[in-house]
file target-v2.txt (compact mmCIF, C-alpha atoms)
# COMPACT_ATOMS: atom_id res chain seq x y z
CA MET A 183 0.00 0.00 0.00
CA VAL A 184 1.22 3.50 -0.86
CA HIS A 185 1.14 5.69 2.27
CA SER A 186 -0.74 8.96 2.62
CA GLY A 187 1.63 11.62 1.25
CA GLU A 188 2.85 9.25 -1.44
CA SER A 189 -0.78 8.33 -2.17
CA ARG A 190 -1.68 11.91 -3.03
CA ASP A 191 1.31 12.23 -5.33
CA ALA A 192 0.67 8.87 -6.96
CA ILE A 193 -3.01 9.60 -7.65
CA LEU A 194 -2.22 13.00 -9.16
CA ARG A 195 0.68 11.59 -11.19
CA ALA A 196 -1.49 8.78 -12.59
CA TYR A 197 -4.17 11.29 -13.55
CA ARG A 198 -1.69 13.50 -15.40
CA GLU A 199 -0.19 10.52 -17.22
CA ARG A 200 -3.63 9.33 -18.27
CA THR A 201 -5.06 12.66 -19.45
CA PRO A 202 -2.42 14.78 -21.27
CA ARG A 203 -4.93 16.08 -23.84
CA SER A 204 -7.24 17.31 -21.08
CA ALA A 205 -4.27 19.11 -19.55
CA ALA A 206 -3.46 20.77 -22.87
CA LEU A 207 -7.08 21.72 -23.55
CA TYR A 208 -7.39 23.19 -20.07
CA SER A 209 -4.49 25.48 -20.83
CA THR A 210 -6.26 26.65 -23.99
CA ALA A 211 -9.69 26.79 -22.35
CA ARG A 212 -8.50 29.18 -19.65
CA ASP A 213 -7.85 31.76 -22.37
CA VAL A 214 -11.46 31.69 -23.57
CA LEU A 215 -13.69 30.21 -20.83
CA ALA A 216 -13.81 31.74 -17.36
CA GLY A 217 -11.98 29.19 -15.25
CA GLY A 218 -11.58 26.91 -18.26
CA THR A 219 -15.04 25.33 -17.92
CA THR A 220 -18.73 26.21 -18.32
CA GLY A 221 -19.51 25.77 -14.62
CA ASN A 222 -17.69 25.68 -11.30
CA LEU A 223 -18.63 22.09 -10.45
CA ARG A 224 -16.88 20.93 -13.62
CA HIS A 225 -13.53 22.17 -12.35
CA PHE A 226 -11.33 20.10 -10.08
CA ALA A 227 -7.62 19.81 -9.30
CA PRO A 228 -5.19 19.41 -10.92
CA TYR A 229 -7.28 20.27 -14.01
CA PRO A 230 -10.72 19.32 -15.36
CA LEU A 231 -11.41 16.24 -17.43
CA TYR A 232 -12.76 17.01 -20.92
CA PHE A 233 -15.08 14.52 -22.60
CA LYS A 234 -15.78 13.62 -26.21
CA THR A 235 -18.75 11.23 -26.33
CA GLY A 236 -21.25 9.30 -24.24
CA LEU A 237 -23.38 6.22 -24.89
CA GLY A 238 -25.55 4.32 -22.42
CA SER A 239 -23.72 4.15 -19.10
CA ARG A 240 -20.32 5.05 -20.61
CA MET A 241 -18.34 8.13 -21.59
CA THR A 242 -15.07 8.65 -23.42
CA ASP A 243 -12.69 11.52 -22.73
CA ILE A 244 -10.63 13.38 -25.33
CA ASP A 245 -7.63 11.14 -24.57
CA GLY A 246 -9.70 8.10 -25.56
CA ASN A 247 -10.13 6.79 -22.01
CA HIS A 248 -13.44 5.02 -21.31
CA TYR A 249 -15.47 5.45 -18.12
CA ILE A 250 -18.50 4.03 -16.39
CA ASP A 251 -20.42 7.26 -15.88
CA CYS A 252 -22.23 7.63 -12.55
CA PHE A 253 -22.33 11.42 -12.70
CA LEU A 254 -24.62 11.73 -15.74
CA CYS A 255 -23.86 15.44 -16.25
CA ASN A 256 -25.18 15.99 -12.71
CA GLY A 257 -28.34 14.01 -13.21
CA PRO A 258 -30.28 14.84 -16.39
CA LEU A 259 -29.38 11.59 -18.17
CA LEU A 260 -31.69 9.26 -16.23
CA PRO A 261 -32.22 7.09 -19.34
CA GLY A 262 -28.44 7.08 -19.96
CA HIS A 263 -26.49 8.76 -22.73
CA ARG A 264 -28.16 8.90 -26.17
CA HIS A 265 -31.15 6.68 -25.40
CA ALA A 266 -32.60 5.42 -28.67
CA ARG A 267 -36.18 6.53 -27.96
CA ILE A 268 -35.12 10.05 -27.00
CA GLU A 269 -32.86 10.44 -30.02
CA GLN A 270 -35.55 9.08 -32.35
CA ALA A 271 -38.11 11.57 -31.03
CA VAL A 272 -35.71 14.46 -31.62
CA ARG A 273 -34.94 13.25 -35.17
CA GLU A 274 -38.64 12.91 -35.98
CA HIS A 275 -39.15 16.62 -35.27
CA ALA A 276 -36.02 17.87 -37.02
CA GLY A 277 -38.12 19.24 -39.88
CA VAL A 278 -40.04 21.53 -37.55
CA GLY A 279 -37.07 23.81 -37.00
CA PRO A 280 -35.35 24.54 -33.70
CA LEU A 281 -37.94 27.01 -32.47
CA VAL A 282 -41.53 27.86 -33.45
CA PRO A 283 -44.00 29.70 -31.19
CA ASN A 284 -46.81 27.79 -29.49
CA PRO A 285 -45.99 24.35 -30.94
CA GLU A 286 -48.31 21.38 -30.60
CA LEU A 287 -45.42 19.65 -28.85
CA ALA A 288 -45.84 21.98 -25.86
CA VAL A 289 -49.42 20.81 -25.40
CA GLN A 290 -48.36 17.18 -25.73
CA ALA A 291 -45.57 17.65 -23.19
CA ALA A 292 -47.94 19.30 -20.70
CA GLN A 293 -50.46 16.48 -21.17
CA ALA A 294 -47.68 13.99 -20.49
CA MET A 295 -46.86 15.79 -17.25
CA GLN A 296 -50.52 15.79 -16.23
CA ARG A 297 -50.58 12.01 -16.65
CA VAL A 298 -47.82 11.41 -14.12
CA VAL A 299 -47.38 14.43 -11.82
CA PRO A 300 -50.13 14.66 -9.15
CA CYS A 301 -50.04 18.48 -8.77
CA ALA A 302 -49.82 19.26 -12.52
CA GLU A 303 -53.23 20.79 -13.19
CA ARG A 304 -51.44 23.52 -15.19
CA VAL A 305 -47.89 23.62 -16.59
CA ARG A 306 -45.41 26.21 -17.87
CA PHE A 307 -42.20 25.18 -19.64
CA LEU A 308 -38.86 26.91 -19.24
CA ASN A 309 -35.19 26.20 -19.87
CA SER A 310 -33.58 25.59 -16.47
CA GLY A 311 -34.28 24.69 -12.88
CA THR A 312 -33.25 28.17 -11.76
CA GLU A 313 -35.88 29.72 -14.04
CA ALA A 314 -38.49 27.26 -12.79
CA VAL A 315 -37.83 28.14 -9.15
CA MET A 316 -37.90 31.88 -9.87
CA THR A 317 -41.26 31.49 -11.59
CA ALA A 318 -42.72 29.22 -8.90
CA VAL A 319 -41.81 31.73 -6.19
CA ARG A 320 -43.21 34.66 -8.17
CA VAL A 321 -46.45 32.72 -8.67
CA ALA A 322 -46.66 31.89 -4.96
CA ARG A 323 -46.08 35.49 -3.93
CA ALA A 324 -48.62 36.83 -6.40
CA HIS A 325 -51.27 34.27 -5.47
CA SER A 326 -50.86 34.84 -1.73
CA GLY A 327 -50.05 38.54 -1.76
CA LYS A 328 -47.21 37.83 0.70
CA PRO A 329 -43.44 38.26 0.24
CA ALA A 330 -41.65 35.74 2.47
CA ILE A 331 -40.50 32.22 1.60
CA VAL A 332 -39.42 29.51 4.06
CA LYS A 333 -36.26 27.76 2.91
CA PHE A 334 -34.45 24.97 4.72
CA PHE A 335 -30.74 24.75 5.44
CA GLY A 336 -29.00 22.37 3.05
CA HIS A 337 -31.54 22.79 0.25
CA TYR A 338 -30.41 24.16 -3.11
CA HIS A 339 -32.94 25.93 -5.32
CA GLY A 340 -30.90 27.26 -8.21
CA GLN A 341 -28.76 30.30 -8.83
CA ASP A 342 -31.11 33.20 -8.15
CA ASP A 343 -29.56 35.46 -5.49
CA GLN A 344 -32.43 35.02 -3.06
CA PHE A 345 -31.78 31.27 -2.73
CA LEU A 346 -27.99 31.27 -2.54
CA VAL A 347 -28.11 31.22 1.27
CA GLY A 348 -28.33 28.38 3.76
CA LEU A 349 -26.78 25.84 1.42
CA ASP A 350 -24.77 24.52 4.35
CA ALA A 351 -25.54 24.89 8.04
CA SER A 352 -24.79 28.63 8.04
CA ARG A 353 -26.70 31.71 6.96
CA ALA A 354 -23.84 32.96 4.81
CA PRO A 355 -24.47 33.49 1.09
CA PHE A 356 -22.85 30.98 -1.24
CA GLY A 357 -20.17 33.01 -2.97
CA ALA A 358 -19.65 36.72 -3.51
CA GLY A 359 -21.95 39.09 -5.37
CA VAL A 360 -25.10 38.21 -3.42
CA PRO A 361 -26.42 41.35 -1.67
CA SER A 362 -28.10 40.86 1.70
CA ASP A 363 -31.31 42.54 0.57
CA ALA A 364 -31.70 39.82 -2.10
CA TYR A 365 -32.56 37.26 0.58
CA ALA A 366 -34.28 39.60 3.03
CA ASN A 367 -37.56 37.70 2.50
CA ILE A 368 -36.07 34.22 2.96
CA ARG A 369 -36.74 32.55 6.33
CA LEU A 370 -34.21 29.78 7.01
CA LEU A 371 -35.25 26.78 9.11
CA ARG A 372 -33.81 23.39 9.98
CA HIS A 373 -35.20 20.62 7.76
CA GLY A 374 -37.13 18.02 9.74
CA ASP A 375 -38.08 20.31 12.63
CA ILE A 376 -41.86 20.38 12.46
CA ALA A 377 -42.19 22.37 15.68
CA ALA A 378 -39.98 25.16 14.34
CA LEU A 379 -41.95 25.29 11.10
CA GLU A 380 -45.27 25.51 12.91
CA GLU A 381 -43.96 28.19 15.26
CA THR A 382 -42.70 30.22 12.29
CA LEU A 383 -46.03 30.04 10.46
CA GLU A 384 -47.86 30.88 13.68
CA ARG A 385 -45.72 33.95 14.42
CA HIS A 386 -45.18 35.33 10.92
CA HIS A 387 -48.12 36.17 8.69
CA ASP A 388 -46.14 37.33 5.67
CA ILE A 389 -45.12 33.88 4.39
CA ALA A 390 -46.25 33.01 0.89
CA ALA A 391 -44.79 29.50 0.63
CA VAL A 392 -42.65 26.80 2.13
CA MET A 393 -40.16 25.40 -0.39
CA LEU A 394 -38.17 22.20 -0.06
CA ASP A 395 -36.25 19.58 -2.00
CA PRO A 396 -37.70 16.24 -0.85
CA ALA A 397 -34.27 14.59 -1.20
CA MET A 398 -32.30 17.38 0.52
CA HIS A 399 -29.81 16.63 -2.24
CA SER A 400 -27.44 19.57 -2.00
CA GLY A 401 -27.12 19.17 1.76
CA GLY A 402 -26.01 15.54 1.52
CA LEU A 403 -29.06 13.54 0.39
CA TRP A 404 -30.54 13.29 3.86
CA GLY A 405 -34.03 13.05 2.41
CA SER A 406 -37.53 13.34 3.83
CA SER A 407 -39.89 10.79 5.30
CA ARG A 408 -43.48 10.30 4.19
CA GLU A 409 -44.58 11.33 7.68
CA TYR A 410 -42.55 14.53 7.64
CA LEU A 411 -43.81 15.63 4.22
CA ALA A 412 -47.39 14.84 5.24
CA ALA A 413 -46.93 16.94 8.38
CA VAL A 414 -45.53 19.86 6.35
CA ARG A 415 -48.49 19.54 3.98
CA GLU A 416 -50.98 19.61 6.86
CA ILE A 417 -49.36 22.60 8.57
CA THR A 418 -49.04 24.70 5.41
CA ALA A 419 -52.65 23.98 4.48
CA ARG A 420 -53.81 24.90 7.95
CA TYR A 421 -52.03 28.26 7.86
CA GLY A 422 -52.98 29.03 4.26
CA VAL A 423 -49.37 28.84 3.06
CA LEU A 424 -48.46 27.29 -0.28
CA LEU A 425 -46.23 24.20 -0.38
CA VAL A 426 -43.63 24.08 -3.16
CA PHE A 427 -41.66 20.94 -3.95
CA ASP A 428 -38.43 21.59 -5.82
CA GLU A 429 -38.36 18.38 -7.84
CA VAL A 430 -35.52 19.36 -10.15
CA ILE A 431 -33.61 16.39 -8.68
CA THR A 432 -36.39 14.03 -7.55
CA GLY A 433 -38.76 14.63 -10.46
CA PHE A 434 -39.15 11.52 -12.66
CA ARG A 435 -36.17 9.98 -10.80
CA LEU A 436 -37.87 8.54 -7.72
CA ALA A 437 -41.00 7.69 -9.71
CA PRO A 438 -42.50 9.04 -12.95
CA GLY A 439 -44.48 11.49 -10.80
CA GLY A 440 -41.48 12.30 -8.64
CA ALA A 441 -41.32 12.49 -4.86
CA GLN A 442 -44.96 13.54 -4.65
CA GLN A 443 -45.98 10.24 -6.22
CA LEU A 444 -43.53 8.18 -4.17
CA TYR A 445 -44.50 9.71 -0.83
CA GLY A 446 -48.17 10.33 -1.60
CA VAL A 447 -47.99 14.03 -0.66
CA THR A 448 -49.16 16.59 -3.22
CA PRO A 449 -47.75 20.13 -3.13
CA ASP A 450 -49.44 23.23 -4.53
CA ILE A 451 -46.58 23.90 -6.95
CA ALA A 452 -43.58 21.88 -8.12
CA THR A 453 -40.53 22.64 -10.21
CA PHE A 454 -38.83 20.24 -12.63
CA ALA A 455 -35.70 20.13 -14.79
CA LYS A 456 -32.84 17.63 -15.33
CA ALA A 457 -34.53 14.26 -16.05
CA ILE A 458 -37.60 15.82 -17.70
CA GLY A 459 -35.55 16.57 -20.83
CA ALA A 460 -33.14 13.61 -20.60
CA GLY A 461 -30.27 15.92 -21.53
CA GLU A 462 -32.15 18.59 -23.49
CA LYS A 463 -32.69 22.02 -21.95
CA LEU A 464 -36.18 21.71 -20.51
CA ALA A 465 -37.72 22.72 -17.20
CA ALA A 466 -41.24 23.17 -15.93
CA VAL A 467 -43.42 24.68 -13.25
CA ALA A 468 -46.54 22.66 -12.48
CA GLY A 469 -49.28 23.39 -10.00
CA ARG A 470 -52.90 23.68 -9.03
CA GLU A 471 -55.02 25.63 -11.50
CA ALA A 472 -56.21 28.00 -8.78
CA VAL A 473 -52.60 28.96 -8.11
CA MET A 474 -51.25 28.90 -11.65
CA ARG A 475 -54.05 31.11 -13.02
CA VAL A 476 -51.98 34.19 -12.10
CA LEU A 477 -50.01 33.36 -15.29
CA ASP A 478 -53.14 33.30 -17.45
CA PRO A 479 -53.79 36.44 -19.55
CA GLU A 480 -57.52 35.52 -19.41
CA ARG A 481 -57.52 35.07 -15.64
CA PRO A 482 -60.66 36.03 -13.69
CA ALA A 483 -61.09 39.68 -12.80
CA GLY A 484 -59.25 40.62 -9.66
CA THR A 485 -56.61 37.90 -10.04
CA PRO A 486 -53.02 39.24 -9.88
CA PHE A 487 -50.98 38.96 -13.06
CA VAL A 488 -47.53 37.36 -13.17
CA PHE A 489 -45.32 37.96 -16.17
CA GLN A 490 -43.36 34.93 -17.30
CA SER A 491 -41.95 34.30 -20.74
CA GLY A 492 -38.77 33.17 -22.45
CA THR A 493 -37.46 33.12 -25.98
CA GLY A 494 -36.41 29.46 -25.90
CA ASN A 495 -39.37 28.00 -23.99
CA ASP A 496 -40.75 26.37 -27.15
CA GLY A 497 -37.54 24.57 -28.14
CA THR A 498 -38.47 21.73 -30.49
CA SER A 499 -35.75 19.28 -29.47
CA ALA A 500 -36.34 19.88 -25.76
CA LEU A 501 -40.12 19.37 -25.94
CA ALA A 502 -39.78 16.33 -28.20
CA ALA A 503 -37.28 14.82 -25.77
CA GLY A 504 -39.58 15.61 -22.85
CA VAL A 505 -42.58 13.88 -24.42
CA ALA A 506 -40.48 10.82 -25.23
CA ALA A 507 -38.74 10.76 -21.85
CA ILE A 508 -41.98 10.86 -19.85
CA ALA A 509 -43.46 8.05 -21.96
CA LEU A 510 -40.28 6.07 -21.42
CA TYR A 511 -40.44 6.59 -17.65
CA GLU A 512 -44.06 5.41 -17.61
CA ASP A 513 -43.10 2.24 -19.48
CA LEU A 514 -40.14 1.58 -17.21
CA TYR A 515 -42.28 2.09 -14.11
CA ARG A 516 -44.90 -0.38 -15.33
CA ALA A 517 -42.16 -2.89 -16.07
CA GLY A 518 -40.78 -2.64 -12.53
CA GLU A 519 -37.53 -1.02 -13.64
CA TYR A 520 -37.70 1.76 -11.06
CA ALA A 521 -37.59 -0.79 -8.25
CA LEU A 522 -34.72 -2.61 -9.95
CA LEU A 523 -32.78 0.63 -10.38
CA ALA A 524 -33.20 1.52 -6.70
CA ALA A 525 -32.08 -2.01 -5.76
CA ARG A 526 -29.01 -1.60 -7.98
CA ALA A 527 -28.17 1.65 -6.17
CA GLN A 528 -28.66 -0.10 -2.82
CA CYS A 529 -26.25 -2.82 -3.97
CA LEU A 530 -23.70 -0.15 -4.86
CA ALA A 531 -24.10 1.55 -1.48
CA ASP A 532 -23.78 -1.75 0.42
CA GLY A 533 -20.74 -2.76 -1.61
CA LEU A 534 -19.02 0.55 -0.95
CA ARG A 535 -19.69 0.22 2.77
CA SER A 536 -18.13 -3.22 2.80
CA ALA A 537 -15.10 -2.11 0.79
CA PHE A 538 -14.33 0.82 3.09
CA ALA A 539 -14.95 -1.22 6.23
CA ALA A 540 -12.53 -3.90 5.03
CA ARG A 541 -9.76 -1.26 4.92
CA GLY A 542 -10.70 0.48 8.16
CA VAL A 543 -11.64 3.73 6.43
CA PRO A 544 -14.46 5.67 8.13
CA PHE A 545 -17.33 5.85 5.68
CA HIS A 546 -21.00 6.73 5.42
CA ALA A 547 -23.30 6.59 2.37
CA ASN A 548 -26.73 8.12 1.87
CA GLN A 549 -28.90 6.55 -0.82
CA ILE A 550 -32.34 7.52 -2.08
CA GLY A 551 -33.65 5.76 -5.18
CA PRO A 552 -30.87 5.83 -7.79
CA MET A 553 -28.84 8.54 -6.01
CA LEU A 554 -25.93 8.30 -3.58
CA GLN A 555 -23.64 10.64 -1.68
CA LEU A 556 -20.57 9.56 0.25
CA PHE A 557 -18.84 10.84 3.39
CA LEU A 558 -15.43 9.89 4.75
CA SER A 559 -15.88 10.52 8.45
CA GLY A 560 -16.20 8.61 11.68
CA ALA A 561 -18.52 11.22 13.20
CA ALA A 562 -22.15 10.40 13.89
CA PRO A 563 -23.95 10.94 10.58
CA GLY A 564 -26.02 14.07 10.17
CA PHE A 565 -26.36 17.19 8.06
CA GLU A 566 -24.76 19.57 10.51
CA ALA A 567 -21.93 17.17 11.39
CA PHE A 568 -21.07 16.47 7.76
CA ALA A 569 -21.80 19.87 6.19
CA ASN A 570 -18.21 21.10 6.31
CA LEU A 571 -16.07 17.96 6.20
CA PRO A 572 -12.59 18.38 4.68
CA ALA A 573 -12.98 17.93 0.94
CA GLU A 574 -9.62 16.44 -0.01
CA PRO A 575 -10.04 12.78 1.07
CA LEU A 576 -13.21 12.25 -0.94
CA GLN A 577 -11.89 14.24 -3.89
CA LEU A 578 -8.78 12.04 -3.98
CA PHE A 579 -10.96 8.93 -3.86
CA TYR A 580 -13.03 10.07 -6.82
CA LEU A 581 -9.88 11.04 -8.71
CA ALA A 582 -8.33 7.65 -8.02
CA LEU A 583 -11.44 5.99 -9.45
CA ILE A 584 -11.23 8.21 -12.54
CA ASN A 585 -7.76 6.74 -13.05
CA GLU A 586 -9.44 3.32 -13.03
CA GLY A 587 -12.07 4.22 -15.62
CA VAL A 588 -14.89 4.96 -13.17
CA LEU A 589 -16.49 8.40 -13.03
CA LEU A 590 -18.37 7.77 -9.79
CA SER A 591 -18.66 11.54 -9.37
CA LEU A 592 -16.75 14.62 -10.34
CA PRO A 593 -14.39 15.24 -7.40
CA THR A 594 -15.95 18.65 -6.65
CA SER A 595 -19.51 17.35 -6.72
CA ASN A 596 -20.12 14.20 -4.62
CA HIS A 597 -23.29 13.62 -6.65
CA ILE A 598 -23.68 9.99 -7.73
CA TYR A 599 -26.53 9.00 -10.04
CA LEU A 600 -27.41 5.70 -11.66
CA SER A 601 -29.30 5.57 -14.95
CA PHE A 602 -31.57 2.96 -16.45
CA ALA A 603 -28.63 2.11 -18.72
CA HIS A 604 -26.45 0.91 -15.83
CA THR A 605 -26.16 -2.85 -15.46
CA ASP A 606 -25.24 -5.23 -12.68
CA ALA A 607 -21.91 -5.66 -14.45
CA ASP A 608 -21.33 -1.91 -14.20
CA ILE A 609 -21.94 -2.00 -10.45
CA ALA A 610 -19.63 -4.98 -10.05
CA ARG A 611 -16.92 -3.13 -11.98
CA VAL A 612 -17.28 -0.01 -9.84
CA LEU A 613 -16.96 -2.08 -6.67
CA ASP A 614 -13.99 -4.01 -8.05
CA ARG A 615 -12.14 -0.79 -8.88
CA THR A 616 -13.09 0.64 -5.48
CA ALA A 617 -11.50 -2.35 -3.73
CA HIS A 618 -8.42 -1.93 -5.92
CA VAL A 619 -8.08 1.78 -5.08
CA LEU A 620 -8.56 1.23 -1.34
CA GLY A 621 -6.04 -1.57 -1.39
CA ARG A 622 -3.46 0.54 -3.19
CA TYR A 623 -3.71 3.87 -1.37
CA ASP A 624 -3.76 4.64 2.35
CA PHE A 625 -7.13 6.38 2.61
CA ALA A 626 -7.43 5.64 6.32
CA GLN A 627 -4.39 7.82 6.94
CA ILE A 628 -5.52 10.46 4.44
CA VAL A 629 -8.80 10.80 6.37
CA ARG A 630 -7.00 10.95 9.73
CA GLU A 631 -4.64 13.66 8.50
CA ALA A 632 -7.55 15.69 7.16
CA GLY A 633 -9.17 15.59 10.58
CA SER A 634 -12.51 14.29 9.38

call {"tool": "encode", "arguments": {"input": "target-v2.txt", "output": "structure tokens"}}
result
Amino acid sequence: MVHSGESRDAILRAYRERTPRSAALYSTARDVLAGGTTGNLRHFAPYPLYFKTGLGSRMTDIDGNHYIDCFLCNGPLLPGHRHARIEQAVREHAGVGPLVPNPELAVQAAQAMQRVVPCAERVRFLNSGTEAVMTAVRVARAHSGKPAIVKFFGHYHGQDDQFLVGLDASRAPFGAGVPSDAYANIRLLRHGDIAALEETLERHHDIAAVMLDPAMHSGGLWGSSREYLAAVREITARYGVLLVFDEVITGFRLAPGGAQQLYGVTPDIATFAKAIGAGEKLAAVAGREAVMRVLDPERPAGTPFVFQSGTGNDGTSALAAGVAAIALYEDLYRAGEYALLAARAQCLADGLRSAFAARGVPFHANQIGPMLQLFLSGAAPGFEAFANLPAEPLQLFYLALINEGVLLSLPTSNHIYLSFAHTDADIARVLDRTAHVLGRYDFAQIVREAGS
């Protein structure tokens, strides 16, 4: 076994030897792209990995190295890369043109959402999860006539300034450039604390909505129970406050109808992105007609009006992919594939636990449906305890797996997703390479030195 300091050097050296073209492209990219990438999560030390193609559960980088892909571009590719049904649907509509106003496809996509999403009495399509959240909040404020939104620590709701707070266990904004007045109407609470939520709604009468991610994905995938969500639903209804599920992550992933179908709790509004377009740029806001009517130019007299529009909201490829993806998810659900996918993710989580335990490396895994997040710590598991763990040990682990042809996650992300394209053989290969990495490098010492 290579010991801790030598392990770091060996992992980095192996990465550089394996990916010289990525190193060269990074040098060029820094002259044209801010930071050399199109998003901060895509950057990691010593330099980002640049990819060329993807198919099914695999990707190939520009050096020709092949990978089992368990990152899936941070989740959109639930069917896997280049699923035949999605690609066929996009090809069938190629003659329409990239963008026409008010296409029939938009109606078909909304009808598809109504089939599977319990709250989807009315739908609006957009291009990103951030746009969907911004619209959902504007709708909630207009409908209620109130300004404040309850947000929970550890929940991510896109890149609008007002929601870039409370991503960890602190009240600090996430990054510079976020003025304090942008989040003046955001009330931060601890997820899971029903008493605190009820006290807040009892004391404050300016709250338009309570917003949450049912998986608590950004905070570590700590999730929500059926009982908790039902209690939140009962309390918000009792106080006349709207309930918004941010299902950008959970939508279509936990079930075709998302977390609201899985847990049997229906919100007033929900937001969707990622898996809805299976890789195309598509997002949606769905909700009760009585709430969504503020978007309707022919709304009843006295109803507030919310402006929402977007040049690319009628994108042909995105809507075609959305219609095909939802139909695919329905078929997979009927065939029992959702249960099989969750079982495959459970197998991966159990195998990782065994591999780390065999080497005496402190380890914890959270798993919900086809999603996992990992923690290298011997502390008692919990959001607050794990919110600010040292990053290096886990980043080195993910980088070591990249050297073995496994993209379990980008090192800066810790987001692991399985797709319907992943096989039992893929899981076995990931676990085999994990055992190899843990046997080669001294991760127990790396974790001790990091103080986690």

call {"tool": "closest_residue", "arguments": {"input": "target-v2.txt", "among": "A:Phe489, A:Ala603, A:Gln341, A:His263", "to": "A:Gly221", "atoms": "only C-alpha atoms"}}
result
A:Gln341

call {"tool": "atom_distance", "arguments": {"input": "target-v2.txt", "atom1": "atom CA of A:Ala517", "atom2": "atom CA of A:Pro261"}}
result
14.5 Å

call {"tool": "closest_atom_pairs", "arguments": {"input": "target-v2.txt", "of": "stretch 541-586 of chain A", "to": "stretch 611-627 of chain A", "cutoff": "12 Å", "atoms": "all atoms listed in the file", "output": "tab-separated table"}}
result
residue	atom	partner	partner_atom	distance
A:Arg541	CA	A:Leu620	CA	6.8
A:Gly542	CA	A:Ala626	CA	6.4
A:Val543	CA	A:Ala626	CA	4.6
A:Pro544	CA	A:Ala626	CA	7.3
A:Phe545	CA	A:Ala626	CA	9.9
A:Leu558	CA	A:Ala626	CA	9.2
A:Ser559	CA	A:Ala626	CA	10.0
A:Gly560	CA	A:Ala626	CA	10.7
A:Glu574	CA	A:Phe625	CA	10.7
A:Pro575	CA	A:Phe625	CA	7.2
A:Leu576	CA	A:Phe625	CA	9.2
A:Gln577	CA	A:Phe625	CA	11.3
A:Leu578	CA	A:Phe625	CA	8.8
A:Phe579	CA	A:Val619	CA	7.8
A:Tyr580	CA	A:Thr616	CA	9.5
A:Leu581	CA	A:Val619	CA	10.1
A:Ala582	CA	A:Val619	CA	6.6
A:Leu583	CA	A:Arg615	CA	6.8
A:Ile584	CA	A:Arg615	CA	9.8
A:Asn585	CA	A:Val619	CA	9.4
A:Glu586	CA	A:Arg615	CA	6.4

call {"tool": "atom_distance", "arguments": {"input": "target-v2.txt", "atom1": "atom CA of A:Arg195", "atom2": "atom CA of A:Ser209"}}
result
17.7 Å

call {"tool": "closest_residue", "arguments": {"input": "target-v2.txt", "among": "A:Gly401, A:Phe345, A:Val332, A:His546", "to": "A:Gly357", "atoms": "all atoms listed in the file"}}
result
A:Phe345

call {"tool": "closest_residue", "arguments": {"input": "target-v2.txt", "among": "A:Lys463, A:Arg297, A:His597, A:Arg323", "to": "A:Gly402", "atoms": "all atoms listed in the file"}}
result
A:His597

call {"tool": "residues_around", "arguments": {"input": "target-v2.txt", "residues": "stretch 415-421 of chain A", "least_positions_apart": "3", "cutoff": "9 Å", "atoms": "all atoms listed in the file", "output": "VMD selection string"}}
result
chain A and resid 376 379 to 380 383 to 384 387 391 to 392 410 to 412 424 to 425 447 to 449

call {"tool": "residues_around", "arguments": {"input": "target-v2.txt", "residues": "A:Ala500", "least_positions_apart": "6", "cutoff": "12 Å", "atoms": "all atoms listed in the file", "output": "PyMOL selection string"}}
result
chain A and resi 268-269+271-273+275-276+279-281+285+287-288+291+307-310+455-466+494+506-507

call {"tool": "closest_atom_pairs", "arguments": {"input": "target-v2.txt", "of": "stretch 497-539 of chain A", "to": "stretch 598-601 of chain A", "cutoff": "9 Å", "atoms": "all atoms listed in the file", "output": "JSON lines"}}
result
{"residue": "A:Leu523", "atom": "CA", "partner": "A:Leu600", "partner_atom": "CA", "distance": 7.5}
{"residue": "A:Ala524", "atom": "CA", "partner": "A:Leu600", "partner_atom": "CA", "distance": 8.7}
{"residue": "A:Arg526", "atom": "CA", "partner": "A:Leu600", "partner_atom": "CA", "distance": 8.3}
{"residue": "A:Ala527", "atom": "CA", "partner": "A:Leu600", "partner_atom": "CA", "distance": 6.9}

call {"tool": "closest_residue", "arguments": {"input": "target-v2.txt", "among": "A:Ala378, A:Ile431, A:Val414, A:Val360", "to": "A:Gly311", "atoms": "only C-alpha atoms"}}
result
A:Ile431

call {"tool": "atom_distance", "arguments": {"input": "target-v2.txt", "atom1": "atom CA of A:Leu510", "atom2": "atom CA of A:His248"}}
result
26.9 Å

call {"tool": "closest_residue", "arguments": {"input": "target-v2.txt", "among": "A:Asn284, A:Gln528, A:Asn596, A:Thr453", "to": "A:Val305", "atoms": "only C-alpha atoms"}}
result
A:Thr453

call {"tool": "closest_residue", "arguments": {"input": "target-v2.txt", "among": "A:Asp363, A:Glu566, A:Asp375, A:Asp606", "to": "A:Ala351", "atoms": "all atoms listed in the file"}}
result
A:Glu566

call {"tool": "residues_near_point", "arguments": {"input": "target-v2.txt", "point": "(-39.5, -1.0, -11.4)", "cutoff": "12 Å", "atoms": "all atoms listed in the file", "output": "MDAnalysis selection string"}}
result
chainID A and resid 435:438 511:526 551:552 602

call {"tool": "residues_around", "arguments": {"input": "target-v2.txt", "residues": "A:Gly469", "least_positions_apart": "3", "cutoff": "7 Å", "atoms": "all atoms listed in the file", "output": "PDB file with C-alpha atoms, in the coordinates of the input"}}
result
ATOM      1  CA  CYS A 301     -50.040  18.480  -8.770  1.00  0.00           C
ATOM      2  CA  ALA A 302     -49.820  19.260 -12.520  1.00  0.00           C
ATOM      3  CA  GLU A 303     -53.230  20.790 -13.190  1.00  0.00           C
ATOM      4  CA  ARG A 304     -51.440  23.520 -15.190  1.00  0.00           C
ATOM      5  CA  VAL A 305     -47.890  23.620 -16.590  1.00  0.00           C
ATOM      6  CA  ASP A 450     -49.440  23.230  -4.530  1.00  0.00           C
ATOM      7  CA  ILE A 451     -46.580  23.900  -6.950  1.00  0.00           C
ATOM      8  CA  ALA A 452     -43.580  21.880  -8.120  1.00  0.00           C
ATOM      9  CA  VAL A 473     -52.600  28.960  -8.110  1.00  0.00           C
ATOM     10  CA  MET A 474     -51.250  28.900 -11.650  1.00  0.00           C
TER      11      MET A 474
END
